[in-house]
Amino acid sequence: MNGNGEPVKLGKSTIDALIESDDFFYRHSRILLGLTSSLKGNFGVDLTFDVLHVGRTNVNYEVACYKIACVVKYEFFVDDGFWDVNVVAEKTLGKYMPRFKPDGPGPNLERKGGTPYPYIPETKYFIFKNPGYK
């Protein structure tokens with residue numbers, strides 16, 4: 001809440017929490033097994049119960065394949081940051097009143113005196129055997 005609006009690089013334990021999450025594992029496994037419907041896209045990961053300040057976040061991915069190997073590039077925490085911290089108001093009043101709906105960095109759910117700040121996206125690459133992508 002006191003980030004002064006400056007972008008913040010998240011630490012190793014936060015990145016590890018994302019990589020070890022069930023949401024990420026499911027999507028990553030589908031990519032490695034050749035089951036994804038698109039070689040480029042994005043998906044959400046919910047870290048609310050693991051890393052509260054991150055909550056729900058975004059992951060972009062892109063797969064590039066060659067004859068025997070593929071590389072998947074992930075970008076974590078894309079278009080995300082520490083804002084809309086009033087989770088109680090979001091879950092209760094947000095159902096009925098627009099000013100309590102999450103909106104990214106803006107006036108809806110920020111706490112008085114707090115300054116929202118963006119996360120600096122983190123990029124990771126994984127190399128794997130080509131499961132049949134063309």
# chains A, B, ... in the order shown; residues from 1 in each chain; ligands from 1
>>> residues_around(residues="Val71 in chain A", least_positions_apart="4", cutoff="10 Å", atoms="only C-alpha atoms", output="PyMOL selection string")
chain A and resi 32+62-66+125-130
>>> write_last_selection(atoms="all heavy atoms", output="CSV table (one decimal), in the first residue's frame")
chain,number,residue,atom,x,y,z
A,32,LEU,N,3.1,-28.8,-22.2
A,32,LEU,CA,4.1,-29.8,-22.4
A,32,LEU,C,3.7,-31.1,-23.0
A,32,LEU,O,4.4,-31.7,-23.7
A,32,LEU,CB,4.7,-30.1,-21.0
A,32,LEU,CG,5.4,-29.0,-20.2
A,32,LEU,CD1,6.0,-29.6,-18.9
A,32,LEU,CD2,6.5,-28.3,-21.0
A,62,GLU,N,3.8,-18.0,-24.9
A,62,GLU,CA,4.1,-18.2,-26.3
A,62,GLU,C,5.0,-19.4,-26.5
A,62,GLU,O,6.0,-19.5,-25.8
A,62,GLU,CB,4.7,-17.0,-26.9
A,62,GLU,CG,4.8,-17.1,-28.4
A,62,GLU,CD,5.1,-15.7,-29.1
A,62,GLU,OE1,5.2,-14.7,-28.4
A,62,GLU,OE2,5.3,-15.7,-30.3
A,63,VAL,N,4.6,-20.4,-27.3
A,63,VAL,CA,5.4,-21.6,-27.6
A,63,VAL,C,6.0,-21.5,-29.0
A,63,VAL,O,5.3,-21.2,-29.9
A,63,VAL,CB,4.5,-22.8,-27.5
A,63,VAL,CG1,5.3,-24.1,-27.8
A,63,VAL,CG2,3.8,-22.9,-26.2
A,64,ALA,N,7.3,-21.8,-29.1
A,64,ALA,CA,8.0,-21.8,-30.4
A,64,ALA,C,8.6,-23.2,-30.4
A,64,ALA,O,9.2,-23.7,-29.5
A,64,ALA,CB,9.1,-20.8,-30.4
A,65,CYS,N,8.3,-23.9,-31.6
A,65,CYS,CA,8.7,-25.3,-31.7
A,65,CYS,C,9.6,-25.5,-32.9
A,65,CYS,O,9.5,-24.8,-33.9
A,65,CYS,CB,7.6,-26.2,-31.8
A,65,CYS,SG,6.6,-26.4,-30.3
A,66,TYR,N,10.5,-26.4,-32.8
A,66,TYR,CA,11.4,-26.9,-33.8
A,66,TYR,C,11.2,-28.4,-33.9
A,66,TYR,O,10.3,-28.9,-33.3
A,66,TYR,CB,12.9,-26.5,-33.4
A,66,TYR,CG,12.9,-25.0,-33.1
A,66,TYR,CD1,12.8,-24.6,-31.7
A,66,TYR,CD2,13.0,-24.0,-34.1
A,66,TYR,CE1,12.8,-23.2,-31.4
A,66,TYR,CE2,13.0,-22.7,-33.7
A,66,TYR,CZ,12.9,-22.3,-32.4
A,66,TYR,OH,12.8,-20.9,-32.1
A,125,TYR,N,11.5,-19.0,-19.2
A,125,TYR,CA,11.5,-19.9,-20.3
A,125,TYR,C,11.6,-21.4,-19.9
A,125,TYR,O,12.4,-21.6,-18.9
A,125,TYR,CB,12.7,-19.6,-21.2
A,125,TYR,CG,12.6,-18.2,-21.9
A,125,TYR,CD1,13.2,-17.1,-21.2
A,125,TYR,CD2,12.0,-18.0,-23.1
A,125,TYR,CE1,13.1,-15.9,-21.8
A,125,TYR,CE2,12.0,-16.8,-23.7
A,125,TYR,CZ,12.5,-15.7,-23.0
A,125,TYR,OH,12.5,-14.4,-23.5
A,126,PHE,N,10.9,-22.3,-20.5
A,126,PHE,CA,11.0,-23.7,-20.3
A,126,PHE,C,11.2,-24.4,-21.6
A,126,PHE,O,10.5,-24.1,-22.6
A,126,PHE,CB,9.8,-24.3,-19.6
A,126,PHE,CG,9.5,-23.7,-18.2
A,126,PHE,CD1,8.8,-22.6,-18.0
A,126,PHE,CD2,10.1,-24.4,-17.1
A,126,PHE,CE1,8.6,-22.1,-16.7
A,126,PHE,CE2,9.8,-23.9,-15.8
A,126,PHE,CZ,9.1,-22.7,-15.6
A,127,ILE,N,12.2,-25.3,-21.7
A,127,ILE,CA,12.5,-26.0,-22.9
A,127,ILE,C,12.0,-27.4,-22.7
A,127,ILE,O,12.2,-28.0,-21.6
A,127,ILE,CB,14.0,-26.1,-23.2
A,127,ILE,CG1,14.5,-24.6,-23.4
A,127,ILE,CG2,14.3,-26.9,-24.4
A,127,ILE,CD1,16.0,-24.5,-23.4
A,128,PHE,N,11.3,-28.0,-23.7
A,128,PHE,CA,10.8,-29.4,-23.5
A,128,PHE,C,10.8,-30.1,-24.9
A,128,PHE,O,10.9,-29.4,-26.0
A,128,PHE,CB,9.4,-29.3,-22.9
A,128,PHE,CG,8.4,-28.5,-23.7
A,128,PHE,CD1,7.5,-29.2,-24.5
A,128,PHE,CD2,8.3,-27.1,-23.6
A,128,PHE,CE1,6.5,-28.4,-25.3
A,128,PHE,CE2,7.4,-26.4,-24.3
A,128,PHE,CZ,6.5,-27.1,-25.1
A,129,LYS,N,10.7,-31.4,-24.9
A,129,LYS,CA,10.6,-32.2,-26.1
A,129,LYS,C,9.3,-31.9,-26.8
A,129,LYS,O,8.3,-31.8,-26.2
A,129,LYS,CB,10.7,-33.7,-25.7
A,129,LYS,CG,10.7,-34.6,-26.9
A,129,LYS,CD,10.8,-36.0,-26.5
A,129,LYS,CE,10.7,-36.9,-27.7
A,129,LYS,NZ,10.6,-38.3,-27.3
A,130,ASN,N,9.5,-31.7,-28.1
A,130,ASN,CA,8.3,-31.4,-28.9
A,130,ASN,C,7.3,-32.6,-28.9
A,130,ASN,O,7.6,-33.7,-29.4
A,130,ASN,CB,8.7,-31.1,-30.4
A,130,ASN,CG,7.5,-30.6,-31.2
A,130,ASN,OD1,6.4,-30.8,-30.9
A,130,ASN,ND2,7.9,-30.0,-32.3
>>> residues_around(residues="range 20-25 of chain A", least_positions_apart="6", cutoff="9 Å", atoms="only C-alpha atoms", output="number ranges by chain")
A: 43-47, 50, 59
>>> residues_around(residues="Tyr61 in chain A", least_positions_apart="3", cutoff="8 Å", atoms="only C-alpha atoms", output="PyMOL selection string")
chain A and resi 39-42+72-75
>>> write_last_selection(atoms="N, CA and C atoms", output="mmCIF file, in the first residue's frame")
data_model
loop_
_atom_site.group_PDB
_atom_site.id
_atom_site.type_symbol
_atom_site.label_atom_id
_atom_site.label_comp_id
_atom_site.auth_asym_id
_atom_site.auth_seq_id
_atom_site.Cartn_x
_atom_site.Cartn_y
_atom_site.Cartn_z
ATOM 1 N N LEU A 39 -0.870 -21.872 -29.429
ATOM 2 C CA LEU A 39 0.539 -21.740 -29.055
ATOM 3 C C LEU A 39 0.875 -20.352 -28.499
ATOM 4 N N LYS A 40 -0.112 -19.492 -28.452
ATOM 5 C CA LYS A 40 0.083 -18.155 -27.880
ATOM 6 C C LYS A 40 -1.212 -17.752 -27.204
ATOM 7 N N GLY A 41 -1.112 -17.232 -25.977
ATOM 8 C CA GLY A 41 -2.316 -16.812 -25.286
ATOM 9 C C GLY A 41 -2.018 -16.346 -23.882
ATOM 10 N N ASN A 42 -3.043 -16.401 -23.054
ATOM 11 C CA ASN A 42 -2.888 -15.990 -21.657
ATOM 12 C C ASN A 42 -3.887 -16.759 -20.809
ATOM 13 N N VAL A 72 8.763 -22.658 -24.310
ATOM 14 C CA VAL A 72 7.603 -21.845 -23.931
ATOM 15 C C VAL A 72 8.114 -20.665 -23.110
ATOM 16 N N LYS A 73 7.681 -19.492 -23.519
ATOM 17 C CA LYS A 73 8.028 -18.246 -22.823
ATOM 18 C C LYS A 73 6.805 -17.820 -22.032
ATOM 19 N N TYR A 74 6.991 -17.618 -20.738
ATOM 20 C CA TYR A 74 5.925 -17.131 -19.872
ATOM 21 C C TYR A 74 6.257 -15.721 -19.401
ATOM 22 N N GLU A 75 5.250 -14.882 -19.357
ATOM 23 C CA GLU A 75 5.366 -13.569 -18.727
ATOM 24 C C GLU A 75 4.359 -13.548 -17.584
#
>>> atom_distance(atom1="CA of Ser38 in chain A", atom2="CA of Phe76 in chain A")
17.9 Å
>>> residues_around(residues="Asp79 in chain A", least_positions_apart="5", cutoff="10 Å", atoms="only C-alpha atoms", output="number ranges by chain")
A: 57-59, 104, 118-121
>>> closest_residue(among="A:Pro116, A:Gly81, A:Gly132, A:Pro7", to="Val54 in chain A", atoms="only C-alpha atoms")
A:Gly81
>>> residues_around(residues="Thr36 in chain A", least_positions_apart="4", cutoff="8 Å", atoms="only C-alpha atoms", output="JSON, numbers by chain")
{"A": [27, 30, 31]}
>>> closest_residue(among="A:Leu52, A:Val78, A:Leu18, A:Leu33", to="Tyr133 in chain A", atoms="only C-alpha atoms")
A:Leu33
>>> select_by_dssp(residues="range 16-86 of chain A", states="helix (DSSP H, G or I)", output="PyMOL selection string")
chain A and resi 16-19+22-32
